$ cat upload.cif   # mmCIF, C-alpha atoms
data_protein
#
loop_
_atom_site.label_atom_id
_atom_site.label_comp_id
_atom_site.auth_asym_id
_atom_site.auth_seq_id
_atom_site.Cartn_x
_atom_site.Cartn_y
_atom_site.Cartn_z
CA MET M 26 35.46 -29.41 82.86
CA ASN M 27 33.23 -30.17 85.81
CA SER M 28 30.25 -28.43 84.18
CA THR M 29 30.92 -30.36 80.96
CA VAL M 30 30.74 -33.64 82.85
CA LYS M 31 27.52 -32.57 84.57
CA GLN M 32 25.96 -31.54 81.24
CA SER M 33 26.93 -34.91 79.79
CA GLU M 34 25.34 -36.68 82.78
CA ILE M 35 22.13 -34.68 82.34
CA THR M 36 22.00 -35.53 78.61
CA THR M 37 22.42 -39.22 79.41
CA LYS M 38 19.92 -39.18 82.25
CA TYR M 39 17.12 -37.47 80.32
CA HIS M 40 16.51 -38.75 76.83
CA LEU M 41 13.38 -38.07 74.79
CA PRO M 42 13.28 -40.78 72.09
CA GLY M 43 12.97 -39.56 68.49
CA ASP M 44 12.25 -36.06 67.21
CA LEU M 45 10.69 -33.46 69.49
CA ALA M 46 8.12 -32.71 66.74
CA ILE M 47 6.67 -36.23 66.89
CA TRP M 48 5.99 -35.81 70.62
CA VAL M 49 4.08 -32.58 70.03
CA PHE M 50 2.07 -34.47 67.40
CA ILE M 51 1.59 -37.48 69.72
CA PHE M 52 0.24 -35.36 72.58
CA ALA M 53 -2.07 -33.48 70.20
CA GLU M 54 -3.42 -36.87 69.07
CA LEU M 55 -3.78 -38.08 72.66
CA LEU M 56 -5.75 -34.93 73.48
CA VAL M 57 -8.18 -35.57 70.61
CA PHE M 58 -8.62 -39.25 71.53
CA GLY M 59 -9.03 -38.31 75.20
CA ILE M 60 -11.87 -35.93 74.32
CA PHE M 61 -13.45 -38.69 72.20
CA PHE M 62 -13.23 -41.20 75.08
CA LEU M 63 -14.66 -38.87 77.71
CA SER M 64 -17.44 -37.75 75.33
CA TYR M 65 -18.36 -41.41 74.86
CA ALA M 66 -18.23 -42.11 78.62
CA PHE M 67 -20.39 -39.15 79.61
CA SER M 68 -22.86 -39.76 76.74
CA ARG M 69 -23.19 -43.33 78.00
CA ALA M 70 -24.02 -42.02 81.49
CA GLY M 71 -27.21 -40.54 80.05
CA ASN M 72 -28.11 -43.54 77.85
CA VAL M 73 -26.89 -46.59 79.79
CA GLU M 74 -29.49 -49.07 78.50
CA LEU M 75 -29.06 -48.03 74.86
CA PHE M 76 -25.26 -48.29 75.12
CA ASN M 77 -25.38 -51.68 76.89
CA GLU M 78 -27.86 -53.16 74.38
CA SER M 79 -25.92 -51.83 71.38
CA GLN M 80 -22.61 -53.04 72.84
CA LYS M 81 -23.95 -56.63 72.77
CA MET M 82 -23.81 -56.44 68.96
CA LEU M 83 -20.02 -55.96 69.03
CA ASP M 84 -17.67 -58.89 68.57
CA THR M 85 -15.55 -58.73 71.75
CA ALA M 86 -13.31 -61.57 70.53
CA SER M 87 -12.31 -59.50 67.48
CA GLY M 88 -11.55 -56.54 69.73
CA ALA M 89 -9.45 -58.71 72.04
CA ILE M 90 -7.53 -60.34 69.17
CA ASN M 91 -6.86 -56.89 67.73
CA THR M 92 -5.54 -55.75 71.13
CA LEU M 93 -3.17 -58.75 71.22
CA LEU M 94 -2.06 -57.96 67.65
CA LEU M 95 -1.31 -54.30 68.40
CA ILE M 96 0.50 -55.12 71.67
CA THR M 97 2.60 -57.74 69.90
CA SER M 98 3.30 -55.35 67.04
CA SER M 99 4.40 -52.70 69.56
CA TYR M 100 6.71 -55.28 71.17
CA PHE M 101 8.23 -56.02 67.75
CA VAL M 102 8.81 -52.28 67.22
CA VAL M 103 10.54 -51.83 70.56
CA ARG M 104 12.77 -54.81 69.66
CA SER M 105 13.62 -53.08 66.37
CA VAL M 106 14.81 -50.08 68.39
CA THR M 107 17.03 -52.19 70.68
CA ALA M 108 18.37 -54.01 67.58
CA ILE M 109 19.46 -50.82 65.83
CA LYS M 110 20.95 -49.46 69.06
CA SER M 111 23.19 -52.50 69.13
CA GLY M 112 24.10 -51.88 65.48
CA ASP M 113 22.14 -54.80 63.98
CA ALA M 114 20.32 -53.14 61.06
CA GLN M 115 19.15 -56.42 59.53
CA ARG M 116 17.47 -57.51 62.75
CA CYS M 117 15.92 -54.04 63.03
CA VAL M 118 14.45 -54.48 59.53
CA ASN M 119 13.10 -57.94 60.42
CA TRP M 120 11.38 -56.70 63.59
CA LEU M 121 9.87 -53.77 61.70
CA ALA M 122 8.54 -56.10 58.99
CA ALA M 123 6.93 -58.28 61.66
CA ALA M 124 5.40 -55.19 63.30
CA ILE M 125 3.91 -54.01 59.99
CA LEU M 126 2.47 -57.51 59.49
CA GLY M 127 0.81 -57.23 62.92
CA GLY M 128 -0.69 -53.90 61.91
CA GLY M 129 -1.95 -55.50 58.69
CA GLY M 130 -3.65 -58.25 60.72
CA PHE M 131 -5.35 -55.57 62.83
CA LEU M 132 -6.68 -53.85 59.70
CA VAL M 133 -8.03 -57.11 58.22
CA ILE M 134 -9.99 -57.94 61.40
CA LYS M 135 -11.27 -54.37 61.69
CA VAL M 136 -12.45 -54.34 58.07
CA MET M 137 -14.31 -57.62 58.74
CA GLU M 138 -15.94 -56.02 61.78
CA PHE M 139 -16.95 -52.92 59.81
CA ALA M 140 -18.32 -55.10 56.97
CA ASP M 141 -20.38 -57.12 59.47
CA LYS M 142 -21.88 -53.97 60.98
CA PHE M 143 -22.66 -52.43 57.59
CA SER M 144 -24.25 -55.69 56.40
CA HIS M 145 -26.62 -55.44 59.38
CA GLY M 146 -27.61 -51.95 58.28
CA ILE M 147 -25.66 -50.25 61.08
CA SER M 148 -24.37 -46.77 60.27
CA LEU M 149 -23.38 -43.54 62.00
CA GLY M 150 -27.07 -42.60 62.18
CA THR M 151 -28.24 -45.83 63.86
CA ASN M 152 -27.88 -44.46 67.40
CA THR M 153 -25.46 -42.54 69.65
CA PHE M 154 -23.51 -45.67 70.60
CA PHE M 155 -22.80 -46.65 66.99
CA MET M 156 -22.02 -43.04 66.08
CA PHE M 157 -19.24 -43.16 68.70
CA TYR M 158 -18.20 -46.75 67.92
CA LEU M 159 -17.87 -46.19 64.17
CA SER M 160 -16.26 -42.75 64.36
CA MET M 161 -13.75 -43.62 67.11
CA THR M 162 -12.70 -46.98 65.66
CA PHE M 163 -12.49 -45.56 62.12
CA PHE M 164 -10.42 -42.60 63.37
CA HIS M 165 -8.10 -45.07 65.11
CA PHE M 166 -8.09 -47.27 61.96
CA MET M 167 -6.70 -44.33 59.96
CA HIS M 168 -3.97 -43.88 62.57
CA VAL M 169 -3.00 -47.54 62.22
CA ILE M 170 -2.63 -47.00 58.46
CA LEU M 171 -0.52 -43.85 58.99
CA GLY M 172 1.60 -45.70 61.56
CA MET M 173 2.21 -48.54 59.11
CA ILE M 174 3.27 -46.06 56.40
CA ILE M 175 5.73 -44.45 58.86
CA LEU M 176 7.12 -47.85 59.91
CA ALA M 177 7.47 -48.85 56.22
CA ALA M 178 9.45 -45.66 55.52
CA VAL M 179 11.72 -46.38 58.52
CA LEU M 180 12.14 -50.00 57.34
CA ILE M 181 13.22 -48.90 53.84
CA LYS M 182 15.74 -46.43 55.24
CA ALA M 183 17.06 -49.04 57.69
CA ARG M 184 17.43 -51.58 54.87
CA ASN M 185 19.41 -49.01 52.87
CA GLY M 186 21.82 -48.51 55.74
CA GLY M 187 20.32 -45.21 56.87
CA TYR M 188 20.53 -46.06 60.58
CA SER M 189 23.31 -47.27 62.82
CA ALA M 190 24.20 -47.78 66.48
CA THR M 191 24.97 -44.06 66.73
CA GLU M 192 22.20 -42.65 64.48
CA TYR M 193 18.77 -44.12 65.13
CA THR M 194 16.53 -41.10 65.80
CA GLY M 195 14.26 -41.97 62.88
CA VAL M 196 13.63 -45.48 64.23
CA GLU M 197 12.73 -44.04 67.65
CA THR M 198 10.43 -41.47 66.02
CA GLY M 199 8.47 -44.10 64.08
CA ALA M 200 8.38 -46.37 67.14
CA SER M 201 7.00 -43.62 69.38
CA TYR M 202 4.13 -42.95 66.99
CA TRP M 203 3.31 -46.66 66.74
CA HIS M 204 3.24 -47.03 70.55
CA MET M 205 0.79 -44.10 70.69
CA VAL M 206 -1.54 -46.02 68.35
CA ASP M 207 -1.26 -49.00 70.73
CA LEU M 208 -1.75 -46.84 73.85
CA VAL M 209 -4.99 -45.39 72.48
CA TRP M 210 -6.36 -48.85 71.63
CA ILE M 211 -5.72 -50.28 75.11
CA VAL M 212 -8.17 -47.65 76.44
CA LEU M 213 -10.61 -47.91 73.53
CA PHE M 214 -11.04 -51.70 73.76
CA PRO M 215 -12.27 -51.96 77.38
CA LEU M 216 -14.19 -48.68 77.14
CA VAL M 217 -16.26 -49.53 74.05
CA TYR M 218 -16.29 -53.36 74.00
CA VAL M 219 -16.23 -54.37 77.68
CA ILE M 220 -17.45 -51.78 80.22
CA ARG M 221 -21.18 -52.19 80.77
CA MET Q 24 24.35 -60.99 80.96
CA ASN Q 25 24.93 -57.71 79.10
CA ASN Q 26 22.63 -54.69 79.30
CA GLN Q 27 21.06 -55.38 75.89
CA THR Q 28 20.07 -58.93 76.80
CA HIS Q 29 18.75 -57.76 80.16
CA LEU Q 30 16.67 -55.03 78.47
CA ASN Q 31 15.26 -57.43 75.85
CA ARG Q 32 14.31 -59.89 78.58
CA ARG Q 33 12.54 -57.14 80.53
CA LEU Q 34 10.67 -56.02 77.38
CA THR Q 35 9.58 -59.61 76.73
CA TRP Q 36 8.17 -59.91 80.25
CA ILE Q 37 6.30 -56.64 79.78
CA TRP Q 38 4.86 -57.91 76.49
CA LEU Q 39 3.68 -61.09 78.24
CA GLY Q 40 2.15 -59.00 81.04
CA LEU Q 41 0.29 -56.86 78.50
CA MET Q 42 -1.02 -60.02 76.80
CA ALA Q 43 -2.12 -61.49 80.16
CA PHE Q 44 -4.05 -58.34 81.12
CA THR Q 45 -5.75 -58.32 77.71
CA ILE Q 46 -6.86 -61.93 78.16
CA LEU Q 47 -8.12 -61.02 81.66
CA THR Q 48 -10.13 -58.14 80.16
CA TYR Q 49 -11.64 -60.50 77.59
CA ALA Q 50 -12.46 -63.07 80.31
CA ILE Q 51 -14.24 -60.36 82.33
CA SER Q 52 -16.26 -59.38 79.25
CA LYS Q 53 -17.47 -62.99 78.91
CA SER Q 54 -18.23 -63.40 82.61
CA GLU Q 55 -21.38 -62.39 84.45
CA TYR Q 56 -19.42 -59.96 86.61
CA SER Q 57 -20.25 -56.29 86.21
CA GLY Q 58 -20.57 -53.18 88.35
CA THR Q 59 -18.34 -50.53 89.80
CA TRP Q 60 -15.62 -52.82 91.18
CA VAL Q 61 -15.30 -54.66 87.88
CA VAL Q 62 -14.93 -51.30 86.10
CA VAL Q 63 -12.33 -50.23 88.70
CA LEU Q 64 -10.44 -53.49 88.06
CA LEU Q 65 -10.59 -52.94 84.28
CA LEU Q 66 -9.34 -49.35 84.65
CA VAL Q 67 -6.50 -50.46 86.96
CA THR Q 68 -5.38 -52.89 84.23
CA VAL Q 69 -5.66 -50.04 81.70
CA PHE Q 70 -3.43 -47.88 83.91
CA ILE Q 71 -0.82 -50.63 84.40
CA LYS Q 72 -0.78 -51.42 80.66
CA GLY Q 73 -0.59 -47.71 79.86
CA HIS Q 74 2.29 -47.25 82.30
CA TRP Q 75 4.25 -50.11 80.72
CA ILE Q 76 3.71 -48.75 77.20
CA ILE Q 77 4.61 -45.19 78.24
CA ALA Q 78 7.61 -46.01 80.45
CA ASP Q 79 9.13 -49.02 78.68
CA PHE Q 80 7.88 -49.20 75.08
CA MET Q 81 7.85 -45.43 74.47
CA GLU Q 82 10.96 -45.20 76.69
CA LEU Q 83 9.64 -42.13 78.51
CA ARG Q 84 11.12 -43.63 81.71
CA HIS Q 85 14.32 -41.83 80.66
CA ALA Q 86 12.63 -38.61 79.51
CA GLY Q 87 12.29 -35.39 81.48
CA LEU Q 88 9.66 -34.99 84.21
CA LEU Q 89 7.34 -32.89 82.02
CA TRP Q 90 6.95 -35.64 79.41
CA ARG Q 91 6.37 -38.32 82.04
CA VAL Q 92 3.78 -36.19 83.84
CA LEU Q 93 1.98 -35.40 80.55
CA ALA Q 94 1.82 -39.05 79.47
CA HIS Q 95 0.84 -40.50 82.85
CA GLY Q 96 -1.48 -37.55 83.43
CA TRP Q 97 -3.30 -38.44 80.20
CA ILE Q 98 -3.92 -42.05 81.22
CA ILE Q 99 -4.96 -41.04 84.77
CA LEU Q 100 -7.32 -38.29 83.57
CA VAL Q 101 -8.94 -40.50 80.91
CA SER Q 102 -9.31 -43.51 83.27
CA GLY Q 103 -10.58 -41.31 86.11
CA GLY Q 104 -13.05 -39.56 83.82
CA ILE Q 105 -14.37 -42.92 82.56
CA LEU Q 106 -14.91 -44.07 86.17
CA VAL Q 107 -16.72 -40.85 87.15
CA ALA Q 108 -18.95 -41.11 84.05
CA TYR Q 109 -19.67 -44.78 84.80
CA MET Q 110 -20.73 -43.95 88.36
CA MET Q 111 -22.95 -41.12 87.10
CA GLY Q 112 -24.71 -43.68 84.90
CA LEU Q 113 -25.57 -45.84 87.91
CA LYS Q 114 -27.98 -43.26 89.28
#

$ encode --input "upload.cif" --output "structure tokens"
Amino acid sequence: MNSTVKQSEITTKYHLPGDLAIWVFIFAELLVFGIFFLSYAFSRAGNVELFNESQKMLDTASGAINTLLLITSSYFVVRSVTAIKSGDAQRCVNWLAAAILGGGGFLVIKVMEFADKFSHGISLGTNTFFMFYLSMTFFHFMHVILGMIILAAVLIKARNGGYSATEYTGVETGASYWHMVDLVWIVLFPLVYVIR
Amino acid sequence: MNNQTHLNRRLTWIWLGLMAFTILTYAISKSEYSGTWVVVLLLVTVFIKGHWIIADFMELRHAGLLWRVLAHGWIILVSGGILVAYMMGLK
């Protein structure tokens, strides 16, 4: 009896949100992005002037607005989790829809940024800075799309009554992935757009 | 105030904090300030933002020690590596 109580306390005290598999995936992704970031940082150390001059061609305002959009979208997602935990599936759906909209806004601004760079003849081969800028931001861009697809799948299941106050693992799983996409961007933005 | 309301209020404050740090980062980018201490300040904001996302948005605050160490270790290693690389570039 006593051991049962203790086990219950341990289960309550330590809770990994969502499926274990998504966390293995998340940390694999963080490892890849981490290598990208450090490769950029150490390449910059050997080409400071080139990186600083090239960085001036980036639109910092777009990067900042996109950061605000992703942070806000992440906030909406965490509110969807608290909503479903309290048994309010409709509110969960609404928060998820708002979060997906935020992700859509991010994509629109990023496409405009890419279009601007391509119209100025900038490509992966322009120089080392733009090779990193284009590859890292495009890689992240694809993760935003995947995150939106996952959130859309969670939204559809939530709307069909697939989650409740006692069964919400899927919502936590989708939310965890989306927060990873946000976490990566809050490093990428100052690293590539701001630090000089 | 029930636990749910308290939690939502805390999450809203964290969201506002994340927004404020982002605006600060943008303001620094538009200022004439640069150099090691500015980079340290930027990386401190990255760490605080990262901690909030990891602990409160991802809810790893309630996860086992291994997961918390892995997540915080990632943000510390990446931020620390960026600072070391920046200082190498000063020479």

$ closest_atom_pairs --input "upload.cif" --of "chain M" --to "chain Q" --cutoff "6 Å" --atoms "only C-alpha atoms" --output "tab-separated table"
residue	atom	partner	partner_atom	distance
M:Tyr39	CA	Q:Ala86	CA	4.7
M:His40	CA	Q:Ala86	CA	4.7
M:Leu41	CA	Q:Ala86	CA	4.8
M:Ala66	CA	Q:Ala108	CA	5.6
M:Phe67	CA	Q:Ala108	CA	5.1
M:Ala70	CA	Q:Gly112	CA	3.9
M:Val103	CA	Q:Phe80	CA	5.9
M:Ser201	CA	Q:Met81	CA	5.5
M:Val219	CA	Q:Ser52	CA	5.3

$ residues_around --input "upload.cif" --residues "Arg184 of chain M" --least-positions-apart "3" --cutoff "12 Å" --atoms "only C-alpha atoms" --output "PyMOL selection string"
chain M and resi 109+113-122+177-181+187-189+196

$ atom_distance --input "upload.cif" --atom1 "atom CA of Leu213 of chain M" --atom2 "atom CA of Gly150 of chain M"
20.7 Å

$ axis_aligned_box --input "upload.cif" --around "segment 45-59 of chain M" --padding-each-side "3 Å" --output "lines of an AutoDock Vina configuration file"
center_x = 0.8
center_y = -35.9
center_z = 71.0
size_x = 25.7
size_y = 12.7
size_z = 14.5

$ residues_near_point --input "upload.cif" --point "(16.8, -49.7, 68.6)" --cutoff "8 Å" --atoms "all atoms listed in the file" --output "list in words"
Val103, Arg104, Ser105, Val106, Thr107, Ala108, Ile109, Lys110, Ser111, Cys117, Ala190, Tyr193, Val196 and Glu197 of chain M

$ resolve_selection --input "upload.cif" --expression "the PyMOL selection byres ((chain M and resi 129-139) around 8)" --output "PyMOL selection string"
chain M and resi 84+87+91+94-95+125-128+140-143+166+169

$ atom_distance --input "upload.cif" --atom1 "atom CA of Glu74 of chain M" --atom2 "atom CA of Val217 of chain M"
14.0 Å

$ atom_distance --input "upload.cif" --atom1 "atom CA of Thr198 of chain M" --atom2 "atom CA of Arg32 of chain Q"
22.6 Å

$ resolve_selection --input "upload.cif" --expression "the PyMOL selection byres ((chain M and resi 155) around 12)" --output "VMD selection string"
chain M and resid 65 68 to 69 75 to 83 139 142 to 143 146 to 154 156 to 163 217 to 218

$ write_last_selection --input "upload.cif" --atoms "C-alpha atoms" --output "PDB file, in the coordinates of the input"
ATOM      1  CA  TYR M  65     -18.360 -41.410  74.860  1.00  0.00           C
ATOM      2  CA  SER M  68     -22.860 -39.760  76.740  1.00  0.00           C
ATOM      3  CA  ARG M  69     -23.190 -43.330  78.000  1.00  0.00           C
ATOM      4  CA  LEU M  75     -29.060 -48.030  74.860  1.00  0.00           C
ATOM      5  CA  PHE M  76     -25.260 -48.290  75.120  1.00  0.00           C
ATOM      6  CA  ASN M  77     -25.380 -51.680  76.890  1.00  0.00           C
ATOM      7  CA  GLU M  78     -27.860 -53.160  74.380  1.00  0.00           C
ATOM      8  CA  SER M  79     -25.920 -51.830  71.380  1.00  0.00           C
ATOM      9  CA  GLN M  80     -22.610 -53.040  72.840  1.00  0.00           C
ATOM     10  CA  LYS M  81     -23.950 -56.630  72.770  1.00  0.00           C
ATOM     11  CA  MET M  82     -23.810 -56.440  68.960  1.00  0.00           C
ATOM     12  CA  LEU M  83     -20.020 -55.960  69.030  1.00  0.00           C
ATOM     13  CA  PHE M 139     -16.950 -52.920  59.810  1.00  0.00           C
ATOM     14  CA  LYS M 142     -21.880 -53.970  60.980  1.00  0.00           C
ATOM     15  CA  PHE M 143     -22.660 -52.430  57.590  1.00  0.00           C
ATOM     16  CA  GLY M 146     -27.610 -51.950  58.280  1.00  0.00           C
ATOM     17  CA  ILE M 147     -25.660 -50.250  61.080  1.00  0.00           C
ATOM     18  CA  SER M 148     -24.370 -46.770  60.270  1.00  0.00           C
ATOM     19  CA  LEU M 149     -23.380 -43.540  62.000  1.00  0.00           C
ATOM     20  CA  GLY M 150     -27.070 -42.600  62.180  1.00  0.00           C
ATOM     21  CA  THR M 151     -28.240 -45.830  63.860  1.00  0.00           C
ATOM     22  CA  ASN M 152     -27.880 -44.460  67.400  1.00  0.00           C
ATOM     23  CA  THR M 153     -25.460 -42.540  69.650  1.00  0.00           C
ATOM     24  CA  PHE M 154     -23.510 -45.670  70.600  1.00  0.00           C
ATOM     25  CA  MET M 156     -22.020 -43.040  66.080  1.00  0.00           C
ATOM     26  CA  PHE M 157     -19.240 -43.160  68.700  1.00  0.00           C
ATOM     27  CA  TYR M 158     -18.200 -46.750  67.920  1.00  0.00           C
ATOM     28  CA  LEU M 159     -17.870 -46.190  64.170  1.00  0.00           C
ATOM     29  CA  SER M 160     -16.260 -42.750  64.360  1.00  0.00           C
ATOM     30  CA  MET M 161     -13.750 -43.620  67.110  1.00  0.00           C
ATOM     31  CA  THR M 162     -12.700 -46.980  65.660  1.00  0.00           C
ATOM     32  CA  PHE M 163     -12.490 -45.560  62.120  1.00  0.00           C
ATOM     33  CA  VAL M 217     -16.260 -49.530  74.050  1.00  0.00           C
ATOM     34  CA  TYR M 218     -16.290 -53.360  74.000  1.00  0.00           C
TER      35      TYR M 218
END

$ closest_residue --input "upload.cif" --among "M:Thr191, M:Val57, M:Gly199, M:Val73" --to "Ile174 of chain M" --atoms "all atoms listed in the file"
M:Gly199

$ closest_residue --input "upload.cif" --among "Q:Val63, Q:His95, Q:Arg33, Q:Ser54" --to "Ala78 of chain Q" --atoms "all atoms listed in the file"
Q:His95

$ decode --input "upload.cif" --residues "segment 113-134 of chain M" --atoms "N, CA and C atoms" --output "PDB file, in the first residue's frame"
ATOM      1  N   ASP M 113     -12.047  21.305 -21.933  1.00  0.00           N
ATOM      2  CA  ASP M 113     -12.712  22.205 -22.885  1.00  0.00           C
ATOM      3  C   ASP M 113     -12.143  21.980 -24.291  1.00  0.00           C
ATOM      4  N   ALA M 114     -12.705  20.998 -25.010  1.00  0.00           N
ATOM      5  CA  ALA M 114     -12.191  20.628 -26.334  1.00  0.00           C
ATOM      6  C   ALA M 114     -12.374  21.753 -27.348  1.00  0.00           C
ATOM      7  N   GLN M 115     -13.481  22.467 -27.269  1.00  0.00           N
ATOM      8  CA  GLN M 115     -13.740  23.543 -28.232  1.00  0.00           C
ATOM      9  C   GLN M 115     -12.699  24.657 -28.109  1.00  0.00           C
ATOM     10  N   ARG M 116     -12.395  25.010 -26.856  1.00  0.00           N
ATOM     11  CA  ARG M 116     -11.373  26.045 -26.642  1.00  0.00           C
ATOM     12  C   ARG M 116      -9.993  25.553 -27.116  1.00  0.00           C
ATOM     13  N   CYS M 117      -9.750  24.276 -26.900  1.00  0.00           N
ATOM     14  CA  CYS M 117      -8.492  23.672 -27.376  1.00  0.00           C
ATOM     15  C   CYS M 117      -8.384  23.818 -28.890  1.00  0.00           C
ATOM     16  N   VAL M 118      -9.480  23.531 -29.587  1.00  0.00           N
ATOM     17  CA  VAL M 118      -9.513  23.651 -31.054  1.00  0.00           C
ATOM     18  C   VAL M 118      -9.258  25.101 -31.467  1.00  0.00           C
ATOM     19  N   ASN M 119      -9.897  26.046 -30.771  1.00  0.00           N
ATOM     20  CA  ASN M 119      -9.740  27.460 -31.115  1.00  0.00           C
ATOM     21  C   ASN M 119      -8.290  27.929 -30.956  1.00  0.00           C
ATOM     22  N   TRP M 120      -7.669  27.536 -29.843  1.00  0.00           N
ATOM     23  CA  TRP M 120      -6.269  27.922 -29.615  1.00  0.00           C
ATOM     24  C   TRP M 120      -5.364  27.316 -30.673  1.00  0.00           C
ATOM     25  N   LEU M 121      -5.629  26.056 -31.035  1.00  0.00           N
ATOM     26  CA  LEU M 121      -4.806  25.398 -32.058  1.00  0.00           C
ATOM     27  C   LEU M 121      -4.950  26.096 -33.410  1.00  0.00           C
ATOM     28  N   ALA M 122      -6.189  26.498 -33.736  1.00  0.00           N
ATOM     29  CA  ALA M 122      -6.418  27.203 -35.010  1.00  0.00           C
ATOM     30  C   ALA M 122      -5.632  28.518 -35.027  1.00  0.00           C
ATOM     31  N   ALA M 123      -5.657  29.223 -33.900  1.00  0.00           N
ATOM     32  CA  ALA M 123      -4.910  30.491 -33.809  1.00  0.00           C
ATOM     33  C   ALA M 123      -3.409  30.244 -33.952  1.00  0.00           C
ATOM     34  N   ALA M 124      -2.933  29.148 -33.362  1.00  0.00           N
ATOM     35  CA  ALA M 124      -1.502  28.819 -33.438  1.00  0.00           C
ATOM     36  C   ALA M 124      -1.096  28.517 -34.881  1.00  0.00           C
ATOM     37  N   ILE M 125      -1.939  27.771 -35.596  1.00  0.00           N
ATOM     38  CA  ILE M 125      -1.643  27.438 -36.994  1.00  0.00           C
ATOM     39  C   ILE M 125      -1.614  28.713 -37.842  1.00  0.00           C
ATOM     40  N   LEU M 126      -2.526  29.626 -37.528  1.00  0.00           N
ATOM     41  CA  LEU M 126      -2.563  30.924 -38.222  1.00  0.00           C
ATOM     42  C   LEU M 126      -1.233  31.670 -38.007  1.00  0.00           C
ATOM     43  N   GLY M 127      -0.741  31.641 -36.780  1.00  0.00           N
ATOM     44  CA  GLY M 127       0.551  32.278 -36.466  1.00  0.00           C
ATOM     45  C   GLY M 127       1.674  31.665 -37.282  1.00  0.00           C
ATOM     46  N   GLY M 128       1.661  30.345 -37.393  1.00  0.00           N
ATOM     47  CA  GLY M 128       2.662  29.647 -38.203  1.00  0.00           C
ATOM     48  C   GLY M 128       2.557  30.057 -39.670  1.00  0.00           C
ATOM     49  N   GLY M 129       1.304  30.212 -40.141  1.00  0.00           N
ATOM     50  CA  GLY M 129       1.081  30.652 -41.524  1.00  0.00           C
ATOM     51  C   GLY M 129       1.666  32.042 -41.766  1.00  0.00           C
ATOM     52  N   GLY M 130       1.478  32.927 -40.791  1.00  0.00           N
ATOM     53  CA  GLY M 130       2.038  34.282 -40.883  1.00  0.00           C
ATOM     54  C   GLY M 130       3.558  34.241 -40.993  1.00  0.00           C
ATOM     55  N   PHE M 131       4.167  33.354 -40.192  1.00  0.00           N
ATOM     56  CA  PHE M 131       5.625  33.180 -40.238  1.00  0.00           C
ATOM     57  C   PHE M 131       6.057  32.776 -41.649  1.00  0.00           C
ATOM     58  N   LEU M 132       5.343  31.810 -42.222  1.00  0.00           N
ATOM     59  CA  LEU M 132       5.722  31.307 -43.549  1.00  0.00           C
ATOM     60  C   LEU M 132       5.612  32.402 -44.612  1.00  0.00           C
ATOM     61  N   VAL M 133       4.543  33.203 -44.529  1.00  0.00           N
ATOM     62  CA  VAL M 133       4.340  34.276 -45.523  1.00  0.00           C
ATOM     63  C   VAL M 133       5.516  35.259 -45.480  1.00  0.00           C
ATOM     64  N   ILE M 134       5.886  35.690 -44.272  1.00  0.00           N
ATOM     65  CA  ILE M 134       6.995  36.650 -44.135  1.00  0.00           C
ATOM     66  C   ILE M 134       8.305  36.032 -44.618  1.00  0.00           C
TER      67      ILE M 134
END
